[in-house]
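Heads up: the structure comes next, in structure tokens.
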Amino acid sequence: MQLPKLSKRFQNGTVKNFLIIALISAFLPGYSQNQLTGKITDAKSGESLPGATIYIINTSLGNISDLNGDFKLNTGKYKQFTIFVSYIGYQTIQKKIDLEKTKFISIKLQEKTTQLNEVTVTSNKDKIWKRNFKKFRKAFLGNSAFAKNCQILNPWVLEFSKDGTALKASASEILEIKNNSLGYKVYYLLNDFTLDVNQLSFGGKSSFLEMDTTSSLIRERWKNNRKKAFYGSRNHFFQALLADKLEEEGFEIFESRQTADHFVATKRLSRKSILSSTEDGSNQVVFKNFLNVVYRKASLPEAYLDDPMFALRESKSENLTLPKQKFVRNNLNNNFGYVNENVSQSSLLYLRTSSITLDKSGLLSSDVYLNEFGYWAWLRVGDMIPANYVPDDLNLTIENTPEPEVIEETPTKKEFILSNLLIPIDEIKSGGVSKDAIPAISSPKYLSIDQVDFLRTDDLVISVTYSGVTKAYPIKILNFHEIVNEQNYLVTYCPLCYSGVIFDNKVDGNSLKFGVSGLLYFSDILMYDFKTNSLWSQLESKAISGDLSGKALDIIPSFMSTWSAWKKRYPDGLVLSTDTGHEREYNTNPYQEYESNDATMFPISKESGLMAKKDLVLGITINNESRAYPIKILKKRVFVQDSLGGKSISIKYDPNTKSAEVQDAERNAVPATVLYWFAWYAFNSDTSIFKE
């Protein structure tokens, strides 16, 4: 085929960009009344980027930018969705789209700071790589009949490493998977992959292209297999949930909790008990403990029951009449689920946040907040189908959930009356969770270093020394709680801003305790104090509403460090325990996908293009003068001397321990915060930037 003459930048993409060219003919979307248009350019030069891929997450809806960088994306029934945009040599980004607000978007891609080396394909991959790839393939694709008929077309882009007993995988390019059972080519952008002795976790972004064939028999087989993959799947469950047809479609749901060696089914649930409407008309799914989903219309396949990695144990129930069930444990993934005496398909879901959102079109906002156990966990990439796939014999109409409560004239957000408000009410956003849904830790427990077995070498902790005692607060715990109330000080962490700040908790001589409001200001956590219900901004360091509006909290110097470095430096230090009184999967990162791209979860009205949104900076304010020190510069300089707010300061950054510490001329610690650039700029728009 004769390709049109392309721009110099596109020609320099070499062979790798032919993958993108090949997608042009495959993404031939049909007519749709919903359409997004846009233009994709280089953020620095403004030059158009032809051949960039745009797709709706987890669907077969996508397209390619033309020679002018323009694109048209027919979005089917979807009006609210998240798109991912990728281009070789550039950072992949994601953006939330609401077609009711915008139908055109300008996308500026940031070039990667370090270009990946070309991969040389050889027939003599070393034995260790082959052994690791075999483990990866089985864990990544799965063990089902469909998975066995899948092929990873470009395995050479994979690289493997070891972290203790854990196998980690990364990919220099998008993985191409050919699924000969379902008739899809799956393009999977792998964000992370970790396979340990008893745990598997991986995540990424996928798009689907329908394969073509001249054989009517193969087409019919693909059609039937897609139906088999859909019915009983998580996609099917969520569509039945929205349509209020769980029972008709064969689903039953139960609340279950985990004990030492089995699960206990405690309550039969209804649609109404787990689904509600949000302020923007989307649907919020909320449940406690584990949600056990049983699909009665299909049995578990023999391959599942015969899998040597699974063992059956008896399950129990409390105050609930259930069919006789057995408890299933996946020894590879530590996955659990129920099956009844007829071995119906059974799975469990666990929320790694307080809620998840299904938008008006039925799309799940993000898979990153869900853990799957049981049958659904056994099904992996080899059984994936597009979220927009619907069998031709299925007729489900999304039913309306109750309308969100109308806000009265008195400015109220959730449970808070916003009197004495210091910021625009429109800038206060709901984080999708209610008051205290993210529970603060108010009775913290601690371990000595030799008692800690849940932290890995590179896990990050926030360190603070108070009254001669040094304590470490692991980020993997703070991700789920955000606030720790100590007797004399307050530990806060905002995962959306990557900001950890320690405060003296005394206001007007009185110690206060704080909770998580569920509200955000510029994507930053808004706390509230238990005494007056006033709202407090972490990065403003003060109350922004309520009786204490305008009161400030004093910052206590702290720093972030890797666990391995911290325990060597403070052998007598104490570490916050996972015994928090709450059941959470502390060894998982609910923000892993969020951290892997440059998109914010909520719109920010104050933005600066001087750096990428999620570039890390060290933010320092002295005498009302603010400055951002890019971490990528500090990595090179290690030691920096500067003058800020009329004071001399020195900054020591250790790239190995990922710690940044600031002192004044008298060697006193100076409060400083490592955080995302977008967050620092939003609260310090008059900031300067330290230059090399």
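Chains: A, B, ... in order of the structure tokens. Residues: from 1 per chain. Ligands: from 1, in order shown.
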
Surrounding residues of Gly232 of chain A excluding itself and chain neighbours under 5 positions, 9 Å, only C-alpha atoms, as a PyMOL selection string: chain A and resi 237+249-251+294-298+345

For Tyr184 of chain A, work out the shell of residues within 9 Å, counting only C-alpha atoms and skipping chain neighbours fewer than 5 positions away, then give it as a PyMOL selection string. chain A and resi 177-179+208-212+222+385

Just the selected residues (N, CA, C and O atoms), exported as a short mmCIF file (atom, residue, chain, number, x, y, z; two decimals), in the first residue's frame, please.
data_model
loop_
_atom_site.label_atom_id
_atom_site.label_comp_id
_atom_site.auth_asym_id
_atom_site.auth_seq_id
_atom_site.Cartn_x
_atom_site.Cartn_y
_atom_site.Cartn_z
N ILE A 177 -2.01 -8.31 21.63
CA ILE A 177 -2.48 -9.66 21.91
C ILE A 177 -3.52 -10.06 20.86
O ILE A 177 -4.48 -9.32 20.61
N LYS A 178 -3.32 -11.20 20.27
CA LYS A 178 -4.27 -11.71 19.29
C LYS A 178 -5.11 -12.79 19.96
O LYS A 178 -4.58 -13.83 20.38
N ASN A 179 -6.42 -12.55 20.08
CA ASN A 179 -7.31 -13.50 20.70
C ASN A 179 -8.09 -14.24 19.61
O ASN A 179 -9.07 -13.73 19.07
N PHE A 208 -9.69 -2.40 21.87
CA PHE A 208 -10.01 -3.62 21.15
C PHE A 208 -10.26 -3.31 19.67
O PHE A 208 -10.96 -2.34 19.34
N LEU A 209 -9.73 -4.16 18.80
CA LEU A 209 -10.00 -4.07 17.37
C LEU A 209 -10.58 -5.40 16.91
O LEU A 209 -10.02 -6.46 17.20
N GLU A 210 -11.70 -5.34 16.21
CA GLU A 210 -12.30 -6.56 15.72
C GLU A 210 -11.48 -7.13 14.57
O GLU A 210 -11.13 -6.42 13.63
N MET A 211 -11.16 -8.42 14.66
CA MET A 211 -10.44 -9.09 13.59
C MET A 211 -11.39 -9.42 12.45
O MET A 211 -12.61 -9.47 12.62
N ASP A 212 -10.85 -9.64 11.28
CA ASP A 212 -11.66 -9.92 10.10
C ASP A 212 -11.30 -11.30 9.57
O ASP A 212 -10.18 -11.79 9.75
N TRP A 222 -16.71 -16.81 16.61
CA TRP A 222 -16.39 -15.61 17.36
C TRP A 222 -17.64 -15.02 18.02
O TRP A 222 -17.62 -14.62 19.18
N ILE A 385 -13.49 -8.52 27.04
CA ILE A 385 -14.26 -8.06 25.89
C ILE A 385 -14.49 -6.56 26.06
O ILE A 385 -14.45 -6.04 27.18
#

Any chance you could tabulate, as a tab-separated table, the residues of segment 433-504 of chain A at most 12 Å from segment 152-175 of chain A with each one's nearest atom pair and distance in Å to one decimal, using only C-alpha atoms, in chain and rising number order?
residue	atom	partner	partner_atom	distance
A:Leu455	CA	A:Gly164	CA	11.9
A:Arg456	CA	A:Asp163	CA	8.6
A:Thr457	CA	A:Asp163	CA	8.6
A:Asp458	CA	A:Asp163	CA	9.6
A:Asp459	CA	A:Asp163	CA	11.7

Which residues are near Val575 of chain A? Cut-off 6 Å, only C-alpha atoms, ignore same chain within fewer than 4 positions. Put them as an NGL selection string. :A and (446-447 or 471-472)

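Closest approach to Ile40 of chain A among A:Phe104, A:Tyr78, A:Tyr629, A:Phe559: A:Phe104, based on only C-alpha atoms.
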
Residues near Thr562 of chain A, cut-off 12 Å, only C-alpha atoms, skip fewer than 6 positions along chain, as a ChimeraX atom specification: /A:455-463,472-476,568-569,654-660

Select, from A:Leu526, A:Glu372, A:Leu351, A:Lys267, the residue with the minimum atom-to-atom distance to Asp436 of chain A, counting only C-alpha atoms. A:Leu526

What's the 8 Å shell around Ser144 of chain A, counting only C-alpha atoms, without same-chain residues fewer than 6 positions away, as number ranges by chain? A: 303-304, 378-379, 382-383

Please list as a list in words every residue within 12 Å of Val469 of chain A, counting only C-alpha atoms and excluding residues in the same chain fewer than 3 positions away. Ser463, Val464, Thr465, Tyr466, Ala472, Tyr570, Pro571, Asp572, Gly573, Leu574 and Val575 of chain A

Could those selected residues go to a file with all heavy atoms, as a PDB file, in the first residue's frame?
ATOM      1  N   SER A 463       8.311  10.774  57.588  1.00  0.00           N
ATOM      2  CA  SER A 463       9.021  10.739  58.864  1.00  0.00           C
ATOM      3  C   SER A 463       8.860  12.056  59.601  1.00  0.00           C
ATOM      4  O   SER A 463       8.967  13.133  59.009  1.00  0.00           O
ATOM      5  CB  SER A 463      10.513  10.464  58.628  1.00  0.00           C
ATOM      6  OG  SER A 463      11.240  10.527  59.847  1.00  0.00           O
ATOM      7  N   VAL A 464       8.596  11.962  60.908  1.00  0.00           N
ATOM      8  CA  VAL A 464       8.518  13.160  61.740  1.00  0.00           C
ATOM      9  C   VAL A 464       9.103  12.837  63.112  1.00  0.00           C
ATOM     10  O   VAL A 464       8.924  11.724  63.631  1.00  0.00           O
ATOM     11  CB  VAL A 464       7.063  13.668  61.873  1.00  0.00           C
ATOM     12  CG1 VAL A 464       6.186  12.649  62.575  1.00  0.00           C
ATOM     13  CG2 VAL A 464       7.021  15.005  62.598  1.00  0.00           C
ATOM     14  N   THR A 465       9.820  13.784  63.664  1.00  0.00           N
ATOM     15  CA  THR A 465      10.372  13.643  65.017  1.00  0.00           C
ATOM     16  C   THR A 465       9.703  14.664  65.928  1.00  0.00           C
ATOM     17  O   THR A 465       9.691  15.859  65.629  1.00  0.00           O
ATOM     18  CB  THR A 465      11.894  13.865  65.019  1.00  0.00           C
ATOM     19  OG1 THR A 465      12.517  12.897  64.164  1.00  0.00           O
ATOM     20  CG2 THR A 465      12.453  13.712  66.425  1.00  0.00           C
ATOM     21  N   TYR A 466       9.104  14.167  67.018  1.00  0.00           N
ATOM     22  CA  TYR A 466       8.393  15.043  67.958  1.00  0.00           C
ATOM     23  C   TYR A 466       8.756  14.607  69.376  1.00  0.00           C
ATOM     24  O   TYR A 466       8.646  13.426  69.723  1.00  0.00           O
ATOM     25  CB  TYR A 466       6.882  14.950  67.746  1.00  0.00           C
ATOM     26  CG  TYR A 466       6.095  16.012  68.489  1.00  0.00           C
ATOM     27  CD1 TYR A 466       5.792  17.218  67.877  1.00  0.00           C
ATOM     28  CD2 TYR A 466       5.678  15.801  69.802  1.00  0.00           C
ATOM     29  CE1 TYR A 466       5.082  18.198  68.555  1.00  0.00           C
ATOM     30  CE2 TYR A 466       4.966  16.770  70.484  1.00  0.00           C
ATOM     31  CZ  TYR A 466       4.671  17.977  69.854  1.00  0.00           C
ATOM     32  OH  TYR A 466       3.974  18.951  70.531  1.00  0.00           O
ATOM     33  N   ALA A 472       7.458   6.746  61.679  1.00  0.00           N
ATOM     34  CA  ALA A 472       7.270   6.630  60.226  1.00  0.00           C
ATOM     35  C   ALA A 472       5.820   6.285  59.940  1.00  0.00           C
ATOM     36  O   ALA A 472       5.237   5.394  60.570  1.00  0.00           O
ATOM     37  CB  ALA A 472       8.196   5.558  59.653  1.00  0.00           C
ATOM     38  N   TYR A 570      17.011   5.424  61.524  1.00  0.00           N
ATOM     39  CA  TYR A 570      16.334   5.487  62.819  1.00  0.00           C
ATOM     40  C   TYR A 570      16.053   4.068  63.328  1.00  0.00           C
ATOM     41  O   TYR A 570      14.900   3.615  63.345  1.00  0.00           O
ATOM     42  CB  TYR A 570      15.020   6.271  62.706  1.00  0.00           C
ATOM     43  CG  TYR A 570      15.192   7.689  62.234  1.00  0.00           C
ATOM     44  CD1 TYR A 570      14.873   8.046  60.929  1.00  0.00           C
ATOM     45  CD2 TYR A 570      15.677   8.673  63.082  1.00  0.00           C
ATOM     46  CE1 TYR A 570      15.027   9.352  60.481  1.00  0.00           C
ATOM     47  CE2 TYR A 570      15.833   9.986  62.654  1.00  0.00           C
ATOM     48  CZ  TYR A 570      15.510  10.314  61.348  1.00  0.00           C
ATOM     49  OH  TYR A 570      15.662  11.610  60.918  1.00  0.00           O
ATOM     50  N   PRO A 571      17.087   3.354  63.740  1.00  0.00           N
ATOM     51  CA  PRO A 571      16.897   1.955  64.179  1.00  0.00           C
ATOM     52  C   PRO A 571      15.985   1.821  65.392  1.00  0.00           C
ATOM     53  O   PRO A 571      15.425   0.746  65.632  1.00  0.00           O
ATOM     54  CB  PRO A 571      18.321   1.482  64.488  1.00  0.00           C
ATOM     55  CG  PRO A 571      19.102   2.743  64.744  1.00  0.00           C
ATOM     56  CD  PRO A 571      18.493   3.778  63.850  1.00  0.00           C
ATOM     57  N   ASP A 572      15.825   2.895  66.163  1.00  0.00           N
ATOM     58  CA  ASP A 572      14.941   2.851  67.333  1.00  0.00           C
ATOM     59  C   ASP A 572      13.588   3.512  67.056  1.00  0.00           C
ATOM     60  O   ASP A 572      12.805   3.741  67.990  1.00  0.00           O
ATOM     61  CB  ASP A 572      15.613   3.555  68.520  1.00  0.00           C
ATOM     62  CG  ASP A 572      16.896   2.863  68.954  1.00  0.00           C
ATOM     63  OD1 ASP A 572      16.942   1.615  68.887  1.00  0.00           O
ATOM     64  OD2 ASP A 572      17.856   3.568  69.324  1.00  0.00           O
ATOM     65  N   GLY A 573      13.332   3.823  65.786  1.00  0.00           N
ATOM     66  CA  GLY A 573      12.083   4.500  65.438  1.00  0.00           C
ATOM     67  C   GLY A 573      10.873   3.595  65.535  1.00  0.00           C
ATOM     68  O   GLY A 573      10.977   2.365  65.622  1.00  0.00           O
ATOM     69  N   LEU A 574       9.698   4.201  65.499  1.00  0.00           N
ATOM     70  CA  LEU A 574       8.428   3.477  65.542  1.00  0.00           C
ATOM     71  C   LEU A 574       7.704   3.630  64.213  1.00  0.00           C
ATOM     72  O   LEU A 574       7.814   4.670  63.544  1.00  0.00           O
ATOM     73  CB  LEU A 574       7.546   4.015  66.676  1.00  0.00           C
ATOM     74  CG  LEU A 574       8.106   3.864  68.097  1.00  0.00           C
ATOM     75  CD1 LEU A 574       7.157   4.524  69.103  1.00  0.00           C
ATOM     76  CD2 LEU A 574       8.323   2.402  68.440  1.00  0.00           C
ATOM     77  N   VAL A 575       6.941   2.602  63.852  1.00  0.00           N
ATOM     78  CA  VAL A 575       6.266   2.570  62.554  1.00  0.00           C
ATOM     79  C   VAL A 575       4.773   2.354  62.767  1.00  0.00           C
ATOM     80  O   VAL A 575       4.366   1.472  63.543  1.00  0.00           O
ATOM     81  CB  VAL A 575       6.830   1.435  61.663  1.00  0.00           C
ATOM     82  CG1 VAL A 575       6.161   1.443  60.291  1.00  0.00           C
ATOM     83  CG2 VAL A 575       8.343   1.573  61.530  1.00  0.00           C
TER      84      VAL A 575
END

Can you work out the spacing between atom CA of Trp563 of chain A and atom CA of Asp450 of chain A in Å, to one decimal? 12.6 Å

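The interatomic distance for the pair atom CA of Phe238 of chain A and atom CA of Pro391 of chain A works out to 14.6 Å.
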
Distance of atom CA of Ser442 of chain A from atom CA of Met601 of chain A, expressed in Å to one decimal place: 27.8 Å

Write out as a PyMOL selection string which residues come within 12 Å of Leu396 of chain A when counting only C-alpha atoms, dropping same-chain ones fewer than 3 positions away. chain A and resi 236-246+248-249+362+390-393+399

Take the residues from that selection and put them in a file with all heavy atoms, as a compact mmCIF listing (two decimals), in the first residue's frame.
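The file below, part-v8.txt, is the result:
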# COMPACT_ATOMS: atom_id res chain seq x y z
N HIS A 236 -21.56 -7.66 32.26
CA HIS A 236 -22.96 -8.08 32.29
C HIS A 236 -23.61 -7.70 33.63
O HIS A 236 -24.73 -7.19 33.67
CB HIS A 236 -23.05 -9.59 32.06
CG HIS A 236 -24.44 -10.12 31.99
ND1 HIS A 236 -24.75 -11.45 32.21
CD2 HIS A 236 -25.64 -9.51 31.74
CE1 HIS A 236 -26.05 -11.63 32.08
NE2 HIS A 236 -26.62 -10.47 31.80
N PHE A 237 -22.90 -7.94 34.71
CA PHE A 237 -23.43 -7.64 36.04
C PHE A 237 -23.75 -6.15 36.19
O PHE A 237 -24.83 -5.78 36.64
CB PHE A 237 -22.43 -8.07 37.12
CG PHE A 237 -22.76 -7.54 38.48
CD1 PHE A 237 -23.86 -8.00 39.18
CD2 PHE A 237 -21.97 -6.55 39.07
CE1 PHE A 237 -24.17 -7.49 40.44
CE2 PHE A 237 -22.27 -6.04 40.31
CZ PHE A 237 -23.38 -6.52 41.00
N PHE A 238 -22.81 -5.28 35.79
CA PHE A 238 -23.04 -3.85 35.95
C PHE A 238 -24.19 -3.37 35.05
O PHE A 238 -24.96 -2.49 35.44
CB PHE A 238 -21.77 -3.06 35.66
CG PHE A 238 -20.79 -3.04 36.81
CD1 PHE A 238 -19.45 -3.28 36.61
CD2 PHE A 238 -21.23 -2.80 38.10
CE1 PHE A 238 -18.56 -3.27 37.67
CE2 PHE A 238 -20.35 -2.78 39.17
CZ PHE A 238 -19.01 -3.02 38.95
N GLN A 239 -24.31 -3.92 33.85
CA GLN A 239 -25.43 -3.53 32.98
C GLN A 239 -26.75 -3.98 33.58
O GLN A 239 -27.75 -3.26 33.53
CB GLN A 239 -25.23 -4.11 31.58
CG GLN A 239 -24.09 -3.46 30.81
CD GLN A 239 -24.09 -3.82 29.33
OE1 GLN A 239 -25.13 -4.03 28.73
NE2 GLN A 239 -22.91 -3.89 28.75
N ALA A 240 -26.78 -5.20 34.13
CA ALA A 240 -28.01 -5.69 34.77
C ALA A 240 -28.33 -4.85 36.01
O ALA A 240 -29.50 -4.59 36.31
CB ALA A 240 -27.85 -7.15 35.15
N LEU A 241 -27.31 -4.43 36.74
CA LEU A 241 -27.51 -3.60 37.92
C LEU A 241 -28.15 -2.27 37.54
O LEU A 241 -29.12 -1.82 38.17
CB LEU A 241 -26.17 -3.37 38.62
CG LEU A 241 -26.17 -2.48 39.87
CD1 LEU A 241 -26.91 -3.18 41.01
CD2 LEU A 241 -24.74 -2.13 40.30
N LEU A 242 -27.61 -1.62 36.51
CA LEU A 242 -28.16 -0.33 36.08
C LEU A 242 -29.56 -0.47 35.52
O LEU A 242 -30.38 0.43 35.65
CB LEU A 242 -27.23 0.31 35.04
CG LEU A 242 -25.88 0.80 35.56
CD1 LEU A 242 -25.05 1.36 34.41
CD2 LEU A 242 -26.05 1.87 36.63
N ALA A 243 -29.84 -1.60 34.87
CA ALA A 243 -31.16 -1.81 34.26
C ALA A 243 -32.19 -2.32 35.26
O ALA A 243 -33.35 -2.52 34.90
CB ALA A 243 -31.04 -2.80 33.09
N ASP A 244 -31.77 -2.56 36.51
CA ASP A 244 -32.65 -3.08 37.55
C ASP A 244 -33.21 -4.44 37.14
O ASP A 244 -34.39 -4.73 37.32
CB ASP A 244 -33.78 -2.10 37.84
CG ASP A 244 -34.47 -2.41 39.17
OD1 ASP A 244 -33.93 -3.23 39.94
OD2 ASP A 244 -35.55 -1.85 39.43
N LYS A 245 -32.33 -5.30 36.60
CA LYS A 245 -32.74 -6.64 36.18
C LYS A 245 -31.74 -7.70 36.66
O LYS A 245 -31.39 -8.61 35.92
CB LYS A 245 -32.90 -6.70 34.66
CG LYS A 245 -34.11 -5.93 34.14
CD LYS A 245 -34.36 -6.20 32.67
CE LYS A 245 -35.62 -5.50 32.18
NZ LYS A 245 -35.90 -5.78 30.75
N LEU A 246 -31.30 -7.55 37.90
CA LEU A 246 -30.35 -8.53 38.42
C LEU A 246 -30.94 -9.93 38.44
O LEU A 246 -30.32 -10.89 37.96
CB LEU A 246 -29.92 -8.12 39.83
CG LEU A 246 -28.97 -6.92 39.95
CD1 LEU A 246 -28.72 -6.60 41.42
CD2 LEU A 246 -27.65 -7.20 39.24
N GLU A 248 -33.63 -11.17 36.85
CA GLU A 248 -33.95 -11.67 35.51
C GLU A 248 -32.71 -12.15 34.76
O GLU A 248 -32.76 -13.10 33.99
CB GLU A 248 -34.67 -10.59 34.69
CG GLU A 248 -36.04 -10.20 35.21
CD GLU A 248 -35.98 -9.03 36.19
OE1 GLU A 248 -34.98 -8.93 36.94
OE2 GLU A 248 -36.91 -8.23 36.19
N GLU A 249 -31.59 -11.46 35.00
CA GLU A 249 -30.36 -11.83 34.30
C GLU A 249 -29.57 -12.91 35.02
O GLU A 249 -28.51 -13.33 34.55
CB GLU A 249 -29.49 -10.59 34.10
CG GLU A 249 -30.06 -9.58 33.12
CD GLU A 249 -30.25 -10.16 31.73
OE1 GLU A 249 -29.31 -10.81 31.23
OE2 GLU A 249 -31.35 -9.97 31.16
N GLY A 362 -23.03 3.93 31.64
CA GLY A 362 -22.78 2.61 32.17
C GLY A 362 -21.32 2.22 32.24
O GLY A 362 -21.00 1.08 32.57
N VAL A 390 -22.34 -5.55 23.34
CA VAL A 390 -23.63 -6.00 23.83
C VAL A 390 -24.12 -7.12 22.90
O VAL A 390 -24.20 -6.92 21.68
CB VAL A 390 -24.68 -4.87 23.86
CG1 VAL A 390 -26.03 -5.40 24.33
CG2 VAL A 390 -24.21 -3.73 24.75
N PRO A 391 -24.44 -8.31 23.41
CA PRO A 391 -24.96 -9.39 22.56
C PRO A 391 -26.25 -8.97 21.87
O PRO A 391 -27.03 -8.19 22.43
CB PRO A 391 -25.20 -10.53 23.55
CG PRO A 391 -24.35 -10.21 24.74
CD PRO A 391 -24.30 -8.71 24.81
N ASP A 392 -26.46 -9.49 20.69
CA ASP A 392 -27.65 -9.08 19.93
C ASP A 392 -28.95 -9.58 20.54
O ASP A 392 -30.03 -9.12 20.17
CB ASP A 392 -27.54 -9.55 18.47
CG ASP A 392 -27.22 -11.04 18.35
OD1 ASP A 392 -27.42 -11.78 19.34
OD2 ASP A 392 -26.76 -11.46 17.28
N ASP A 393 -28.88 -10.55 21.47
CA ASP A 393 -30.11 -11.04 22.09
C ASP A 393 -30.34 -10.45 23.48
O ASP A 393 -31.21 -10.89 24.22
CB ASP A 393 -30.07 -12.57 22.18
CG ASP A 393 -28.85 -13.08 22.95
OD1 ASP A 393 -27.98 -12.26 23.28
OD2 ASP A 393 -28.76 -14.30 23.18
N GLU A 399 -32.11 1.99 33.90
CA GLU A 399 -33.16 2.63 34.67
C GLU A 399 -32.58 3.78 35.48
O GLU A 399 -31.43 3.75 35.91
CB GLU A 399 -33.83 1.62 35.62
CG GLU A 399 -34.54 0.48 34.90
CD GLU A 399 -35.77 0.95 34.15
OE1 GLU A 399 -36.37 1.95 34.59
OE2 GLU A 399 -36.13 0.32 33.15

Go through segment 87-261 of chain A and collect every residue that DSSP, computed from the backbone, puts in strand (DSSP E or B); the answer should be as a PDB file with C-alpha atoms, in the first residue's frame.
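Saved the output as part_1.pdb:
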ATOM      1  CA  TYR A  90       5.335  10.842  24.199  1.00  0.00           C
ATOM      2  CA  ILE A  93      -2.404  10.853  28.900  1.00  0.00           C
ATOM      3  CA  GLN A  94      -5.991  10.362  29.970  1.00  0.00           C
ATOM      4  CA  LYS A  95      -8.795  12.907  30.001  1.00  0.00           C
ATOM      5  CA  LYS A  96     -12.339  12.764  31.272  1.00  0.00           C
ATOM      6  CA  ILE A  97     -14.865  13.884  28.682  1.00  0.00           C
ATOM      7  CA  ASP A  98     -18.456  15.055  29.079  1.00  0.00           C
ATOM      8  CA  PHE A 104     -13.930  19.594  20.918  1.00  0.00           C
ATOM      9  CA  ILE A 105     -10.702  19.127  22.804  1.00  0.00           C
ATOM     10  CA  SER A 106      -7.160  20.312  22.178  1.00  0.00           C
ATOM     11  CA  ILE A 107      -4.591  17.793  23.384  1.00  0.00           C
ATOM     12  CA  LYS A 108      -0.957  18.715  23.899  1.00  0.00           C
ATOM     13  CA  LEU A 109       1.371  15.774  24.427  1.00  0.00           C
ATOM     14  CA  GLU A 111       7.623  14.328  24.844  1.00  0.00           C
ATOM     15  CA  GLY A 142      -5.162 -16.558  32.347  1.00  0.00           C
ATOM     16  CA  CYS A 150      -4.285 -16.089  22.758  1.00  0.00           C
ATOM     17  CA  GLN A 151      -0.915 -14.999  21.460  1.00  0.00           C
ATOM     18  CA  ILE A 152       1.254 -12.086  22.575  1.00  0.00           C
ATOM     19  CA  LEU A 158       8.700  -6.982  27.864  1.00  0.00           C
ATOM     20  CA  GLU A 159      11.406  -6.631  30.491  1.00  0.00           C
ATOM     21  CA  PHE A 160      11.443  -8.454  33.813  1.00  0.00           C
ATOM     22  CA  SER A 161      12.990  -7.748  37.192  1.00  0.00           C
ATOM     23  CA  LYS A 162      12.887  -9.225  40.685  1.00  0.00           C
ATOM     24  CA  ASP A 163      12.008  -7.510  43.959  1.00  0.00           C
ATOM     25  CA  ALA A 166       8.177 -10.858  43.394  1.00  0.00           C
ATOM     26  CA  LEU A 167       8.424 -10.882  39.599  1.00  0.00           C
ATOM     27  CA  LYS A 168       7.856  -7.460  38.055  1.00  0.00           C
ATOM     28  CA  ALA A 169       7.227  -6.752  34.370  1.00  0.00           C
ATOM     29  CA  SER A 170       7.255  -3.606  32.274  1.00  0.00           C
ATOM     30  CA  ALA A 171       6.710  -3.010  28.576  1.00  0.00           C
ATOM     31  CA  LEU A 175       1.423  -5.059  24.108  1.00  0.00           C
ATOM     32  CA  GLU A 176      -0.351  -6.618  21.140  1.00  0.00           C
ATOM     33  CA  ILE A 177      -2.482  -9.664  21.912  1.00  0.00           C
ATOM     34  CA  LYS A 178      -4.274 -11.714  19.288  1.00  0.00           C
ATOM     35  CA  ASN A 179      -7.314 -13.503  20.702  1.00  0.00           C
ATOM     36  CA  TYR A 184     -10.176  -9.365  18.860  1.00  0.00           C
ATOM     37  CA  LYS A 185      -6.748  -7.823  18.731  1.00  0.00           C
ATOM     38  CA  VAL A 186      -6.180  -6.306  22.119  1.00  0.00           C
ATOM     39  CA  TYR A 187      -3.761  -3.398  22.545  1.00  0.00           C
ATOM     40  CA  TYR A 188      -2.755  -3.239  26.190  1.00  0.00           C
ATOM     41  CA  LEU A 189      -0.713  -0.416  27.713  1.00  0.00           C
ATOM     42  CA  LEU A 190       0.821  -2.147  30.728  1.00  0.00           C
ATOM     43  CA  ASN A 191       1.173   0.161  33.728  1.00  0.00           C
ATOM     44  CA  ASP A 192       2.370  -2.383  36.253  1.00  0.00           C
ATOM     45  CA  PHE A 193       2.669  -6.114  36.833  1.00  0.00           C
ATOM     46  CA  THR A 194       3.728  -7.885  40.020  1.00  0.00           C
ATOM     47  CA  LEU A 195       3.542 -11.640  40.556  1.00  0.00           C
ATOM     48  CA  LEU A 200      -0.915 -11.120  41.467  1.00  0.00           C
ATOM     49  CA  SER A 201      -1.627  -7.519  40.576  1.00  0.00           C
ATOM     50  CA  PHE A 202      -1.450  -5.796  37.237  1.00  0.00           C
ATOM     51  CA  GLY A 203      -3.119  -2.853  35.588  1.00  0.00           C
ATOM     52  CA  GLY A 204      -3.212  -0.921  32.374  1.00  0.00           C
ATOM     53  CA  LYS A 205      -5.336   0.495  29.604  1.00  0.00           C
ATOM     54  CA  SER A 206      -6.801  -1.550  26.774  1.00  0.00           C
ATOM     55  CA  SER A 207      -8.441  -1.035  23.418  1.00  0.00           C
ATOM     56  CA  PHE A 208     -10.009  -3.622  21.145  1.00  0.00           C
ATOM     57  CA  LEU A 209     -10.004  -4.069  17.375  1.00  0.00           C
ATOM     58  CA  GLU A 210     -12.303  -6.565  15.717  1.00  0.00           C
ATOM     59  CA  PHE A 251     -27.502 -12.536  39.459  1.00  0.00           C
ATOM     60  CA  GLU A 252     -27.747 -12.616  43.245  1.00  0.00           C
ATOM     61  CA  ILE A 253     -25.672 -10.411  45.514  1.00  0.00           C
ATOM     62  CA  PHE A 254     -24.623 -10.801  49.139  1.00  0.00           C
ATOM     63  CA  GLU A 255     -22.539  -8.899  51.657  1.00  0.00           C
ATOM     64  CA  SER A 256     -19.700 -11.083  52.936  1.00  0.00           C
ATOM     65  CA  ARG A 257     -16.851 -10.602  55.335  1.00  0.00           C
ATOM     66  CA  GLN A 258     -13.565 -12.412  55.640  1.00  0.00           C
TER      67      GLN A 258
END
